[in-house]
file query.pdb (PDB, C-alpha atoms)
ATOM      1  CA  MET Z 147       0.000   0.000   0.000
ATOM      2  CA  LEU Z 148       1.420   3.377  -1.048
ATOM      3  CA  THR Z 149       1.645   6.065   1.591
ATOM      4  CA  PRO Z 150       2.020   9.810   1.055
ATOM      5  CA  ASP Z 151       5.455  11.324   1.387
ATOM      6  CA  LEU Z 152       5.937  12.698   4.890
ATOM      7  CA  PRO Z 153       8.236  15.564   5.864
ATOM      8  CA  PRO Z 154      11.291  14.820   7.970
ATOM      9  CA  ALA Z 155      10.682  14.622  11.693
ATOM     10  CA  SER Z 156      12.768  17.718  12.177
ATOM     11  CA  ALA Z 157      10.545  19.854   9.929
ATOM     12  CA  PRO Z 158       8.542  22.519  11.756
ATOM     13  CA  ALA Z 159       4.901  21.583  12.386
ATOM     14  CA  ALA Z 160       3.593  24.508  10.329
ATOM     15  CA  ALA Z 161       5.478  23.260   7.240
ATOM     16  CA  ARG Z 162       4.058  19.744   7.344
ATOM     17  CA  PRO Z 163       1.073  18.984   5.081
ATOM     18  CA  PRO Z 164      -2.126  18.086   6.913
ATOM     19  CA  VAL Z 165      -2.679  14.367   7.325
ATOM     20  CA  PRO Z 166      -6.208  13.241   6.346
ATOM     21  CA  ASP Z 167      -8.188  12.018   9.310
ATOM     22  CA  PRO Z 168     -10.302   8.986   8.268
ATOM     23  CA  ALA Z 169     -12.506   9.348  11.339
ATOM     24  CA  GLN Z 170     -13.191  12.994  10.503
ATOM     25  CA  GLY Z 171     -13.922  12.090   6.885
ATOM     26  CA  GLN Z 172     -16.424   9.449   7.998
ATOM     27  CA  ALA Z 173     -18.050  11.917  10.386
ATOM     28  CA  ASP Z 174     -18.304  14.508   7.602
ATOM     29  CA  ASN Z 175     -19.922  11.950   5.295
ATOM     30  CA  LEU Z 176     -22.451  10.948   7.939
ATOM     31  CA  ARG Z 177     -23.281  14.605   8.554
ATOM     32  CA  ALA Z 178     -23.602  15.240   4.811
ATOM     33  CA  ILE Z 179     -25.903  12.226   4.420
ATOM     34  CA  GLY Z 180     -28.134  13.596   7.149
ATOM     35  CA  ILE Z 181     -28.171  17.026   5.483
ATOM     36  CA  MET Z 182     -29.010  15.476   2.091
ATOM     37  CA  MET Z 183     -31.888  13.499   3.581
ATOM     38  CA  LEU Z 184     -33.159  16.710   5.201
ATOM     39  CA  SER Z 185     -32.880  18.450   1.825
ATOM     40  CA  MET Z 186     -34.908  15.772   0.048
ATOM     41  CA  ALA Z 187     -37.535  15.845   2.813
ATOM     42  CA  ALA Z 188     -37.774  19.644   2.509
ATOM     43  CA  PHE Z 189     -38.180  19.572  -1.280
ATOM     44  CA  THR Z 190     -40.836  16.854  -1.105
ATOM     45  CA  CYS Z 191     -42.714  18.624   1.699
ATOM     46  CA  ASN Z 192     -42.674  21.759  -0.465
ATOM     47  CA  ASP Z 193     -44.292  19.777  -3.291
ATOM     48  CA  ALA Z 194     -46.950  18.379  -0.954
ATOM     49  CA  VAL Z 195     -47.787  21.814   0.448
ATOM     50  CA  MET Z 196     -47.980  23.401  -3.018
ATOM     51  CA  LYS Z 197     -50.209  20.571  -4.225
ATOM     52  CA  ALA Z 198     -52.495  21.179  -1.259
ATOM     53  CA  VAL Z 199     -52.686  24.975  -1.582
ATOM     54  CA  THR Z 200     -53.276  24.940  -5.359
ATOM     55  CA  GLN Z 201     -56.398  22.835  -4.862
ATOM     56  CA  THR Z 202     -58.142  26.047  -3.762
ATOM     57  CA  LEU Z 203     -55.852  28.985  -4.648
ATOM     58  CA  PRO Z 204     -55.130  29.665  -8.349
ATOM     59  CA  LEU Z 205     -51.862  28.070  -9.482
ATOM     60  CA  TYR Z 206     -50.039  31.098 -10.858
ATOM     61  CA  GLU Z 207     -51.124  33.310  -7.983
ATOM     62  CA  SER Z 208     -49.699  30.685  -5.641
ATOM     63  CA  MET Z 209     -46.477  30.581  -7.654
ATOM     64  CA  THR Z 210     -46.174  34.374  -7.569
ATOM     65  CA  LEU Z 211     -46.792  34.717  -3.838
ATOM     66  CA  ARG Z 212     -44.465  31.846  -2.940
ATOM     67  CA  GLY Z 213     -41.843  33.254  -5.299
ATOM     68  CA  GLY Z 214     -42.013  36.638  -3.594
ATOM     69  CA  ILE Z 215     -41.493  35.031  -0.205
ATOM     70  CA  VAL Z 216     -38.534  32.965  -1.482
ATOM     71  CA  VAL Z 217     -36.909  36.064  -3.033
ATOM     72  CA  ALA Z 218     -37.300  37.909   0.280
ATOM     73  CA  ILE Z 219     -35.712  34.998   2.156
ATOM     74  CA  MET Z 220     -32.816  34.884  -0.310
ATOM     75  CA  LEU Z 221     -32.213  38.615   0.081
ATOM     76  CA  VAL Z 222     -32.088  38.254   3.863
ATOM     77  CA  ILE Z 223     -29.623  35.355   3.569
ATOM     78  CA  ALA Z 224     -27.492  37.237   1.025
ATOM     79  CA  ARG Z 225     -27.398  40.287   3.289
ATOM     80  CA  ALA Z 226     -26.270  38.124   6.185
ATOM     81  CA  GLN Z 227     -23.490  36.713   3.982
ATOM     82  CA  GLY Z 228     -22.230  40.126   2.891
ATOM     83  CA  GLY Z 229     -24.644  41.165   0.153
ATOM     84  CA  LEU Z 230     -25.852  39.996  -3.241
ATOM     85  CA  ARG Z 231     -23.894  40.768  -6.408
ATOM     86  CA  LEU Z 232     -26.376  41.335  -9.226
ATOM     87  CA  ARG Z 233     -23.771  42.063 -11.884
ATOM     88  CA  VAL Z 234     -23.052  39.105 -14.165
ATOM     89  CA  PRO Z 235     -19.898  38.854 -16.319
ATOM     90  CA  ARG Z 236     -20.649  39.490 -19.996
ATOM     91  CA  GLY Z 237     -19.551  36.011 -21.008
ATOM     92  CA  ASP Z 238     -22.072  34.485 -18.601
ATOM     93  CA  LEU Z 239     -25.117  36.397 -19.854
ATOM     94  CA  LEU Z 240     -26.120  33.810 -22.486
ATOM     95  CA  PRO Z 241     -25.769  30.803 -20.126
ATOM     96  CA  LEU Z 242     -27.718  32.764 -17.496
ATOM     97  CA  ALA Z 243     -30.540  33.510 -19.949
ATOM     98  CA  VAL Z 244     -30.755  29.896 -21.153
ATOM     99  CA  ARG Z 245     -30.539  28.480 -17.632
ATOM    100  CA  THR Z 246     -33.161  30.873 -16.293
ATOM    101  CA  LEU Z 247     -35.550  30.088 -19.158
ATOM    102  CA  ALA Z 248     -35.133  26.351 -18.625
ATOM    103  CA  ASP Z 249     -35.574  26.745 -14.867
ATOM    104  CA  LEU Z 250     -38.769  28.778 -14.979
ATOM    105  CA  SER Z 251     -40.257  26.631 -17.776
ATOM    106  CA  SER Z 252     -39.602  23.434 -15.832
ATOM    107  CA  THR Z 253     -41.077  25.011 -12.686
ATOM    108  CA  VAL Z 254     -44.309  25.964 -14.440
ATOM    109  CA  LEU Z 255     -44.703  22.543 -16.086
ATOM    110  CA  TYR Z 256     -43.880  20.736 -12.852
ATOM    111  CA  LEU Z 257     -46.417  22.711 -10.806
ATOM    112  CA  VAL Z 258     -49.135  22.227 -13.428
ATOM    113  CA  ALA Z 259     -48.533  18.459 -13.385
ATOM    114  CA  LEU Z 260     -48.342  18.465  -9.577
ATOM    115  CA  GLN Z 261     -51.928  19.677  -9.388
ATOM    116  CA  HIS Z 262     -53.200  16.628 -11.251
ATOM    117  CA  MET Z 263     -50.806  13.760 -10.470
ATOM    118  CA  ALA Z 264     -50.200  11.602  -7.439
ATOM    119  CA  LEU Z 265     -47.132  12.866  -5.596
ATOM    120  CA  ALA Z 266     -45.419   9.455  -5.602
ATOM    121  CA  ASN Z 267     -45.931   8.955  -9.355
ATOM    122  CA  LEU Z 268     -44.508  12.373 -10.150
ATOM    123  CA  SER Z 269     -41.551  11.839  -7.835
ATOM    124  CA  ALA Z 270     -40.893   8.390  -9.305
ATOM    125  CA  ILE Z 271     -40.519   9.860 -12.792
ATOM    126  CA  MET Z 272     -38.196  12.585 -11.491
ATOM    127  CA  GLN Z 273     -35.885   9.940  -9.981
ATOM    128  CA  ALA Z 274     -34.556   9.407 -13.512
ATOM    129  CA  LEU Z 275     -33.054  12.912 -13.452
ATOM    130  CA  PRO Z 276     -29.526  11.886 -12.308
ATOM    131  CA  LEU Z 277     -29.413   9.227 -15.035
ATOM    132  CA  ALA Z 278     -30.522  11.727 -17.665
ATOM    133  CA  VAL Z 279     -27.931  14.273 -16.514
ATOM    134  CA  THR Z 280     -25.201  11.610 -16.678
ATOM    135  CA  LEU Z 281     -26.207  10.713 -20.234
ATOM    136  CA  ALA Z 282     -26.402  14.376 -21.285
ATOM    137  CA  ALA Z 283     -22.941  15.046 -19.847
ATOM    138  CA  ALA Z 284     -21.573  12.203 -21.965
ATOM    139  CA  VAL Z 285     -23.225  13.623 -25.089
ATOM    140  CA  PHE Z 286     -22.370  17.308 -24.638
ATOM    141  CA  PHE Z 287     -19.115  17.174 -22.656
ATOM    142  CA  HIS Z 288     -17.815  13.829 -23.967
ATOM    143  CA  GLU Z 289     -17.574  12.371 -20.486
ATOM    144  CA  ARG Z 290     -16.642   8.728 -20.853
ATOM    145  CA  LEU Z 291     -19.285   6.117 -20.017
ATOM    146  CA  GLY Z 292     -18.502   2.435 -19.924
ATOM    147  CA  TRP Z 293     -20.938  -0.285 -20.914
ATOM    148  CA  ARG Z 294     -21.934  -0.892 -17.288
ATOM    149  CA  ARG Z 295     -23.139   2.663 -16.705
ATOM    150  CA  LEU Z 296     -24.763   2.822 -20.134
ATOM    151  CA  SER Z 297     -26.608  -0.412 -19.297
ATOM    152  CA  ALA Z 298     -27.697   1.023 -15.946
ATOM    153  CA  ILE Z 299     -29.041   4.142 -17.692
ATOM    154  CA  GLY Z 300     -30.940   1.918 -20.128
ATOM    155  CA  ILE Z 301     -32.448  -0.076 -17.251
ATOM    156  CA  GLY Z 302     -33.421   3.150 -15.522
ATOM    157  CA  LEU Z 303     -35.194   4.376 -18.649
ATOM    158  CA  VAL Z 304     -37.061   1.073 -18.826
ATOM    159  CA  GLY Z 305     -38.176   1.795 -15.263
ATOM    160  CA  VAL Z 306     -39.503   5.183 -16.366
ATOM    161  CA  LEU Z 307     -41.447   3.496 -19.169
ATOM    162  CA  LEU Z 308     -42.983   1.104 -16.630
ATOM    163  CA  ILE Z 309     -44.143   4.095 -14.588
ATOM    164  CA  LEU Z 310     -45.457   6.014 -17.611
ATOM    165  CA  ARG Z 311     -46.812   3.011 -19.584
ATOM    166  CA  PRO Z 312     -47.223   4.827 -22.935
ATOM    167  CA  GLY Z 313     -50.258   3.718 -24.911
ATOM    168  CA  THR Z 314     -52.282   2.957 -21.792
ATOM    169  CA  GLY Z 315     -54.637   5.013 -19.673
ATOM    170  CA  ALA Z 316     -51.805   5.557 -17.158
ATOM    171  CA  PHE Z 317     -50.022   7.853 -19.615
ATOM    172  CA  ASP Z 318     -51.691  11.244 -19.966
ATOM    173  CA  ILE Z 319     -50.812  14.850 -20.647
ATOM    174  CA  TRP Z 320     -49.701  15.373 -17.045
ATOM    175  CA  SER Z 321     -47.159  12.556 -17.283
ATOM    176  CA  ALA Z 322     -45.840  14.089 -20.495
ATOM    177  CA  LEU Z 323     -45.466  17.464 -18.745
ATOM    178  CA  VAL Z 324     -43.371  15.872 -15.981
ATOM    179  CA  VAL Z 325     -41.067  14.241 -18.537
ATOM    180  CA  LEU Z 326     -40.697  17.562 -20.353
ATOM    181  CA  ALA Z 327     -40.008  19.334 -17.044
ATOM    182  CA  MET Z 328     -37.316  16.756 -16.253
ATOM    183  CA  LEU Z 329     -35.656  17.299 -19.647
ATOM    184  CA  LEU Z 330     -35.656  21.046 -19.061
ATOM    185  CA  ILE Z 331     -33.994  20.502 -15.678
ATOM    186  CA  VAL Z 332     -31.346  18.415 -17.443
ATOM    187  CA  ALA Z 333     -30.770  21.344 -19.819
ATOM    188  CA  ARG Z 334     -30.571  23.704 -16.852
ATOM    189  CA  ASP Z 335     -27.960  21.572 -15.101
ATOM    190  CA  ILE Z 336     -25.889  21.108 -18.253
ATOM    191  CA  VAL Z 337     -25.884  24.850 -18.998
ATOM    192  CA  THR Z 338     -24.798  25.513 -15.408
ATOM    193  CA  ARG Z 339     -21.487  23.845 -16.290
ATOM    194  CA  LEU Z 340     -20.811  26.673 -18.780
ATOM    195  CA  PHE Z 341     -20.628  29.455 -16.190
ATOM    196  CA  SER Z 342     -17.274  30.970 -15.375
ATOM    197  CA  VAL Z 343     -15.906  30.954 -11.843
ATOM    198  CA  HIS Z 344     -16.800  34.642 -11.596
ATOM    199  CA  ALA Z 345     -20.560  33.950 -11.608
ATOM    200  CA  GLY Z 346     -21.690  33.442  -8.021
ATOM    201  CA  SER Z 347     -24.102  30.614  -7.176
ATOM    202  CA  SER Z 348     -26.294  32.931  -5.092
ATOM    203  CA  THR Z 349     -26.538  35.374  -8.012
ATOM    204  CA  ILE Z 350     -27.600  32.640 -10.432
ATOM    205  CA  ALA Z 351     -30.163  31.298  -7.958
ATOM    206  CA  PHE Z 352     -31.524  34.789  -7.271
ATOM    207  CA  TYR Z 353     -32.149  35.508 -10.955
ATOM    208  CA  ALA Z 354     -33.886  32.140 -11.314
ATOM    209  CA  ALA Z 355     -36.114  32.819  -8.284
ATOM    210  CA  ILE Z 356     -37.126  36.312  -9.346
ATOM    211  CA  SER Z 357     -37.781  35.125 -12.926
ATOM    212  CA  VAL Z 358     -40.128  32.412 -11.660
ATOM    213  CA  MET Z 359     -41.941  34.966  -9.494
ATOM    214  CA  LEU Z 360     -42.358  37.443 -12.377
ATOM    215  CA  THR Z 361     -43.466  34.709 -14.788
ATOM    216  CA  GLY Z 362     -46.085  33.615 -12.272
ATOM    217  CA  ALA Z 363     -47.297  37.219 -12.004
ATOM    218  CA  VAL Z 364     -47.669  37.489 -15.806
ATOM    219  CA  LEU Z 365     -49.494  34.152 -16.095
ATOM    220  CA  ALA Z 366     -51.703  35.081 -13.118
ATOM    221  CA  THR Z 367     -53.276  37.863 -15.198
ATOM    222  CA  GLY Z 368     -55.270  35.130 -16.924
ATOM    223  CA  GLU Z 369     -56.658  33.905 -13.612
ATOM    224  CA  THR Z 370     -59.165  35.408 -11.213
ATOM    225  CA  TRP Z 371     -56.869  36.789  -8.528
ATOM    226  CA  ARG Z 372     -58.243  36.679  -5.020
ATOM    227  CA  THR Z 373     -56.972  37.396  -1.547
ATOM    228  CA  PRO Z 374     -55.668  34.169   0.022
ATOM    229  CA  THR Z 375     -57.226  33.025   3.256
ATOM    230  CA  ALA Z 376     -55.133  32.872   6.413
ATOM    231  CA  GLY Z 377     -54.781  29.113   5.941
ATOM    232  CA  GLU Z 378     -53.638  29.447   2.315
ATOM    233  CA  LEU Z 379     -51.155  32.167   3.230
ATOM    234  CA  ALA Z 380     -49.783  29.967   6.005
ATOM    235  CA  LEU Z 381     -49.322  27.132   3.499
ATOM    236  CA  LEU Z 382     -47.500  29.438   1.081
ATOM    237  CA  LEU Z 383     -45.176  30.593   3.865
ATOM    238  CA  LEU Z 384     -44.579  26.963   4.812
ATOM    239  CA  SER Z 385     -43.872  26.032   1.182
ATOM    240  CA  ALA Z 386     -41.397  28.892   0.772
ATOM    241  CA  GLY Z 387     -39.692  27.862   3.998
ATOM    242  CA  PHE Z 388     -39.370  24.242   2.864
ATOM    243  CA  LEU Z 389     -38.052  25.347  -0.536
ATOM    244  CA  SER Z 390     -35.439  27.636   1.008
ATOM    245  CA  VAL Z 391     -34.299  24.917   3.404
ATOM    246  CA  GLY Z 392     -34.093  22.496   0.467
ATOM    247  CA  TYR Z 393     -31.875  24.827  -1.554
ATOM    248  CA  LEU Z 394     -29.542  25.611   1.336
ATOM    249  CA  THR Z 395     -29.151  22.033   2.541
ATOM    250  CA  ALA Z 396     -28.646  20.675  -0.999
ATOM    251  CA  VAL Z 397     -25.635  22.967  -1.393
ATOM    252  CA  ALA Z 398     -24.348  22.255   2.119
ATOM    253  CA  SER Z 399     -24.497  18.477   1.679
ATOM    254  CA  MET Z 400     -22.300  18.644  -1.419
ATOM    255  CA  ARG Z 401     -19.714  20.794   0.361
ATOM    256  CA  VAL Z 402     -19.470  18.736   3.561
ATOM    257  CA  GLY Z 403     -19.165  15.154   2.330
ATOM    258  CA  GLU Z 404     -17.984  13.154  -0.666
ATOM    259  CA  ILE Z 405     -20.404  13.532  -3.557
ATOM    260  CA  SER Z 406     -20.266   9.846  -4.488
ATOM    261  CA  VAL Z 407     -21.192   8.895  -0.915
ATOM    262  CA  VAL Z 408     -23.919  11.490  -0.454
ATOM    263  CA  ALA Z 409     -25.595  11.467  -3.904
ATOM    264  CA  PRO Z 410     -27.433   8.114  -3.562
ATOM    265  CA  PHE Z 411     -29.412   9.555  -0.656
ATOM    266  CA  ARG Z 412     -31.188  11.878  -3.106
ATOM    267  CA  TYR Z 413     -33.468   8.933  -3.729
ATOM    268  CA  THR Z 414     -34.930   9.201  -0.227
ATOM    269  CA  SER Z 415     -37.216  11.846  -1.756
ATOM    270  CA  LEU Z 416     -39.249   8.988  -3.232
ATOM    271  CA  VAL Z 417     -39.826   7.545   0.249
ATOM    272  CA  TRP Z 418     -41.076  10.932   1.451
ATOM    273  CA  ALA Z 419     -43.283  11.306  -1.617
ATOM    274  CA  ILE Z 420     -44.923   7.919  -1.039
ATOM    275  CA  MET Z 421     -45.522   8.624   2.659
ATOM    276  CA  LEU Z 422     -46.860  12.143   2.141
ATOM    277  CA  GLY Z 423     -48.979  11.057  -0.809
ATOM    278  CA  LEU Z 424     -50.598   8.379   1.332
ATOM    279  CA  VAL Z 425     -51.042  10.420   4.518
ATOM    280  CA  VAL Z 426     -52.065  13.760   2.989
ATOM    281  CA  PHE Z 427     -53.793  12.808  -0.258
ATOM    282  CA  GLY Z 428     -54.681   9.132   0.191
ATOM    283  CA  ASP Z 429     -52.675   8.092  -2.903
ATOM    284  CA  TRP Z 430     -50.919   4.730  -3.015
ATOM    285  CA  PRO Z 431     -48.657   3.740  -5.948
ATOM    286  CA  ASP Z 432     -49.723   0.782  -8.061
ATOM    287  CA  LEU Z 433     -47.552  -2.283  -8.745
ATOM    288  CA  TRP Z 434     -46.175  -0.853 -12.020
ATOM    289  CA  THR Z 435     -45.015   2.313 -10.264
ATOM    290  CA  TRP Z 436     -43.321   0.279  -7.537
ATOM    291  CA  ALA Z 437     -41.535  -1.885 -10.110
ATOM    292  CA  GLY Z 438     -40.488   1.061 -12.255
ATOM    293  CA  SER Z 439     -39.285   3.009  -9.218
ATOM    294  CA  ALA Z 440     -37.165   0.064  -8.092
ATOM    295  CA  LEU Z 441     -35.471  -0.084 -11.508
ATOM    296  CA  VAL Z 442     -34.875   3.672 -11.664
ATOM    297  CA  VAL Z 443     -33.523   3.967  -8.118
ATOM    298  CA  GLY Z 444     -31.419   0.818  -8.413
ATOM    299  CA  ALA Z 445     -29.929   1.960 -11.717
ATOM    300  CA  GLY Z 446     -29.227   5.426 -10.335
ATOM    301  CA  ILE Z 447     -27.460   4.162  -7.235
ATOM    302  CA  TYR Z 448     -25.422   1.695  -9.301
ATOM    303  CA  THR Z 449     -24.387   4.468 -11.710
ATOM    304  CA  ILE Z 450     -23.198   6.671  -8.843
ATOM    305  CA  LEU Z 451     -21.266   3.837  -7.167
ATOM    306  CA  ARG Z 452     -19.750   2.758 -10.471
ATOM    307  CA  GLU Z 453     -18.628   6.300 -11.211
ATOM    308  CA  ARG Z 454     -16.968   6.420  -7.796
ATOM    309  CA  LYS Z 455     -15.118   3.170  -8.528
ATOM    310  CA  VAL Z 456     -13.981   4.351 -11.972
ATOM    311  CA  LYS Z 457     -12.630   7.611 -10.537
ATOM    312  CA  GLY Z 458     -10.854   5.656  -7.817
ATOM    313  CA  MET Z 459      -9.140   3.502 -10.452
ATOM    314  CA  SER Z 460      -8.054   6.476 -12.562
TER     315      SER Z 460
END

call {"tool": "encode", "arguments": {"input": "query.pdb", "output": "structure tokens"}}
result
Amino acid sequence: MLTPDLPPASAPAAARPPVPDPAQGQADNLRAIGIMMLSMAAFTCNDAVMKAVTQTLPLYESMTLRGGIVVAIMLVIARAQGGLRLRVPRGDLLPLAVRTLADLSSTVLYLVALQHMALANLSAIMQALPLAVTLAAAVFFHERLGWRRLSAIGIGLVGVLLILRPGTGAFDIWSALVVLAMLLIVARDIVTRLFSVHAGSSTIAFYAAISVMLTGAVLATGETWRTPTAGELALLLLSAGFLSVGYLTAVASMRVGEISVVAPFRYTSLVWAIMLGLVVFGDWPDLWTWAGSALVVGAGIYTILRERKVKGMS
């Protein structure tokens, strides 16, 4: 077993490179896993709350009001961290425009589908997102994929087809909207790779949030706007809180632990979706959805673990 070169014993302590602490690394990974699971719970709870509030409050009004609350929360957080830089480098303007358009389009399609679909079914389809991003990265950035990961992606897509069941009554316009929303999220994530190091993450997220809010306000002109009840306003505040927690913890989990260790725990969102769908809305997935979800989740976890092994061998 190879060991790193160590400085001579006589070298001053300040000149010696830090020695990795395996125990600390394991503790960081465990903490990151917990943060990731919290993030997935927050995102799924946000979906459940938005699905509940849009049963009575118009969709685009709900999107606008929640968006305003999220923007306010982001401004408070940015101020606490030293302020928000709204200026974007010229070279990043096109990626920002494309990413923002993809983000707000996927948000609108996702929320429309959320009104009409069971939470677990929608979440099961979205579990294919990591597989789709992996495939897109191979196509657009020429990232190398071996036959094992390509096979896993293929199996995952078969799982999506089991959930959707094209040509049957299970496949409808709402399912198609979720698939389209997922593809737009893939585009968003791929375009994000094109930003320079000078474009801050908080700046990119802020423009996305305010664009979603303004788009909701424009689309809301076609609805009958009404003053939300105290209960509806409370749900919107709760949704915005869950969404903000989800964003913050998703970033934190990637910075604390190893990505290859933490990433598989994204799939815990499906567990939350099934539980919340049953408890809140009385929805229970059918056998096809269970089978398809097992294929998608299994393929996704295998792809992540395989990628970790390949990087360890390189």

call {"tool": "closest_residue", "arguments": {"input": "query.pdb", "among": "Z:Asn175, Z:Gln261, Z:Ser390, Z:Thr314", "to": "Leu221 in chain Z", "atoms": "all atoms listed in the file"}}
result
Z:Ser390

call {"tool": "resolve_selection", "arguments": {"input": "query.pdb", "expression": "the PyMOL selection byres ((chain Z and resi 359) around 12)", "output": "VMD selection string"}}
result
chain Z and resid 206 to 218 246 249 to 251 253 to 254 352 to 358 360 to 366 386

call {"tool": "write_last_selection", "arguments": {"input": "query.pdb", "atoms": "C-alpha atoms", "output": "PDB file, in the frame of the given file"}}
result
ATOM      1  CA  TYR Z 206     -50.039  31.098 -10.858  1.00  0.00           C
ATOM      2  CA  GLU Z 207     -51.124  33.310  -7.983  1.00  0.00           C
ATOM      3  CA  SER Z 208     -49.699  30.685  -5.641  1.00  0.00           C
ATOM      4  CA  MET Z 209     -46.477  30.581  -7.654  1.00  0.00           C
ATOM      5  CA  THR Z 210     -46.174  34.374  -7.569  1.00  0.00           C
ATOM      6  CA  LEU Z 211     -46.792  34.717  -3.838  1.00  0.00           C
ATOM      7  CA  ARG Z 212     -44.465  31.846  -2.940  1.00  0.00           C
ATOM      8  CA  GLY Z 213     -41.843  33.254  -5.299  1.00  0.00           C
ATOM      9  CA  GLY Z 214     -42.013  36.638  -3.594  1.00  0.00           C
ATOM     10  CA  ILE Z 215     -41.493  35.031  -0.205  1.00  0.00           C
ATOM     11  CA  VAL Z 216     -38.534  32.965  -1.482  1.00  0.00           C
ATOM     12  CA  VAL Z 217     -36.909  36.064  -3.033  1.00  0.00           C
ATOM     13  CA  ALA Z 218     -37.300  37.909   0.280  1.00  0.00           C
ATOM     14  CA  THR Z 246     -33.161  30.873 -16.293  1.00  0.00           C
ATOM     15  CA  ASP Z 249     -35.574  26.745 -14.867  1.00  0.00           C
ATOM     16  CA  LEU Z 250     -38.769  28.778 -14.979  1.00  0.00           C
ATOM     17  CA  SER Z 251     -40.257  26.631 -17.776  1.00  0.00           C
ATOM     18  CA  THR Z 253     -41.077  25.011 -12.686  1.00  0.00           C
ATOM     19  CA  VAL Z 254     -44.309  25.964 -14.440  1.00  0.00           C
ATOM     20  CA  PHE Z 352     -31.524  34.789  -7.271  1.00  0.00           C
ATOM     21  CA  TYR Z 353     -32.149  35.508 -10.955  1.00  0.00           C
ATOM     22  CA  ALA Z 354     -33.886  32.140 -11.314  1.00  0.00           C
ATOM     23  CA  ALA Z 355     -36.114  32.819  -8.284  1.00  0.00           C
ATOM     24  CA  ILE Z 356     -37.126  36.312  -9.346  1.00  0.00           C
ATOM     25  CA  SER Z 357     -37.781  35.125 -12.926  1.00  0.00           C
ATOM     26  CA  VAL Z 358     -40.128  32.412 -11.660  1.00  0.00           C
ATOM     27  CA  LEU Z 360     -42.358  37.443 -12.377  1.00  0.00           C
ATOM     28  CA  THR Z 361     -43.466  34.709 -14.788  1.00  0.00           C
ATOM     29  CA  GLY Z 362     -46.085  33.615 -12.272  1.00  0.00           C
ATOM     30  CA  ALA Z 363     -47.297  37.219 -12.004  1.00  0.00           C
ATOM     31  CA  VAL Z 364     -47.669  37.489 -15.806  1.00  0.00           C
ATOM     32  CA  LEU Z 365     -49.494  34.152 -16.095  1.00  0.00           C
ATOM     33  CA  ALA Z 366     -51.703  35.081 -13.118  1.00  0.00           C
ATOM     34  CA  ALA Z 386     -41.397  28.892   0.772  1.00  0.00           C
TER      35      ALA Z 386
END

call {"tool": "closest_residue", "arguments": {"input": "query.pdb", "among": "Z:Ile299, Z:Ile450, Z:Leu379, Z:Val195", "to": "Val408 in chain Z", "atoms": "all atoms listed in the file"}}
result
Z:Ile450

call {"tool": "resolve_selection", "arguments": {"input": "query.pdb", "expression": "the PyMOL selection byres ((chain Z and resi 258) around 12)", "output": "ChimeraX atom specification"}}
result
/Z:193,196-197,200-201,204-206,208-209,251-257,259-263,268,319-324,326-327,362

call {"tool": "residues_around", "arguments": {"input": "query.pdb", "residues": "Pro431 in chain Z", "least_positions_apart": "5", "cutoff": "7 Å", "atoms": "all atoms listed in the file", "output": "list in words"}}
result
Ala266, Asn267 and Trp436 of chain Z

call {"tool": "axis_aligned_box", "arguments": {"input": "query.pdb", "around": "range 302-316 of chain Z", "padding_each_side": "4 Å", "output": "JSON"}}
result
{"center_x": -44.0, "center_y": 3.5, "center_z": -19.7, "size_x": 29.2, "size_y": 12.9, "size_z": 18.3}

call {"tool": "residues_around", "arguments": {"input": "query.pdb", "residues": "Ser269 in chain Z", "least_positions_apart": "2", "cutoff": "8 Å", "atoms": "all atoms listed in the file", "output": "list in words"}}
result
Leu265, Ala266, Asn267, Ile271, Met272, Gln273, Ser415, Leu416 and Ala419 of chain Z

call {"tool": "atom_distance", "arguments": {"input": "query.pdb", "atom1": "CA of Met182 in chain Z", "atom2": "CA of Val304 in chain Z"}}
result
26.6 Å

call {"tool": "residues_near_point", "arguments": {"input": "query.pdb", "point": "(-21.8, 17.9, 2.2)", "cutoff": "12 Å", "atoms": "all atoms listed in the file", "output": "ChimeraX atom specification"}}
result
/Z:171-185,394-409,411

call {"tool": "build_atoms", "arguments": {"input": "query.pdb", "residues": "range 443-450 of chain Z", "atoms": "N, CA and C atoms", "output": "PDB file, keeping the file's coordinate frame"}}
result
ATOM      1  N   VAL Z 443     -34.359   3.706  -9.290  1.00  0.00           N
ATOM      2  CA  VAL Z 443     -33.523   3.967  -8.118  1.00  0.00           C
ATOM      3  C   VAL Z 443     -32.310   3.045  -8.104  1.00  0.00           C
ATOM      4  N   GLY Z 444     -32.538   1.768  -8.385  1.00  0.00           N
ATOM      5  CA  GLY Z 444     -31.419   0.818  -8.413  1.00  0.00           C
ATOM      6  C   GLY Z 444     -30.385   1.192  -9.457  1.00  0.00           C
ATOM      7  N   ALA Z 445     -30.851   1.564 -10.650  1.00  0.00           N
ATOM      8  CA  ALA Z 445     -29.929   1.960 -11.717  1.00  0.00           C
ATOM      9  C   ALA Z 445     -29.180   3.230 -11.350  1.00  0.00           C
ATOM     10  N   GLY Z 446     -29.876   4.180 -10.723  1.00  0.00           N
ATOM     11  CA  GLY Z 446     -29.227   5.426 -10.335  1.00  0.00           C
ATOM     12  C   GLY Z 446     -28.152   5.217  -9.299  1.00  0.00           C
ATOM     13  N   ILE Z 447     -28.444   4.422  -8.284  1.00  0.00           N
ATOM     14  CA  ILE Z 447     -27.460   4.162  -7.235  1.00  0.00           C
ATOM     15  C   ILE Z 447     -26.263   3.406  -7.810  1.00  0.00           C
ATOM     16  N   TYR Z 448     -26.529   2.432  -8.686  1.00  0.00           N
ATOM     17  CA  TYR Z 448     -25.422   1.695  -9.301  1.00  0.00           C
ATOM     18  C   TYR Z 448     -24.538   2.630 -10.127  1.00  0.00           C
ATOM     19  N   THR Z 449     -25.153   3.540 -10.881  1.00  0.00           N
ATOM     20  CA  THR Z 449     -24.387   4.468 -11.710  1.00  0.00           C
ATOM     21  C   THR Z 449     -23.479   5.338 -10.857  1.00  0.00           C
ATOM     22  N   ILE Z 450     -23.995   5.825  -9.734  1.00  0.00           N
ATOM     23  CA  ILE Z 450     -23.198   6.671  -8.843  1.00  0.00           C
ATOM     24  C   ILE Z 450     -22.034   5.880  -8.244  1.00  0.00           C
TER      25      ILE Z 450
END
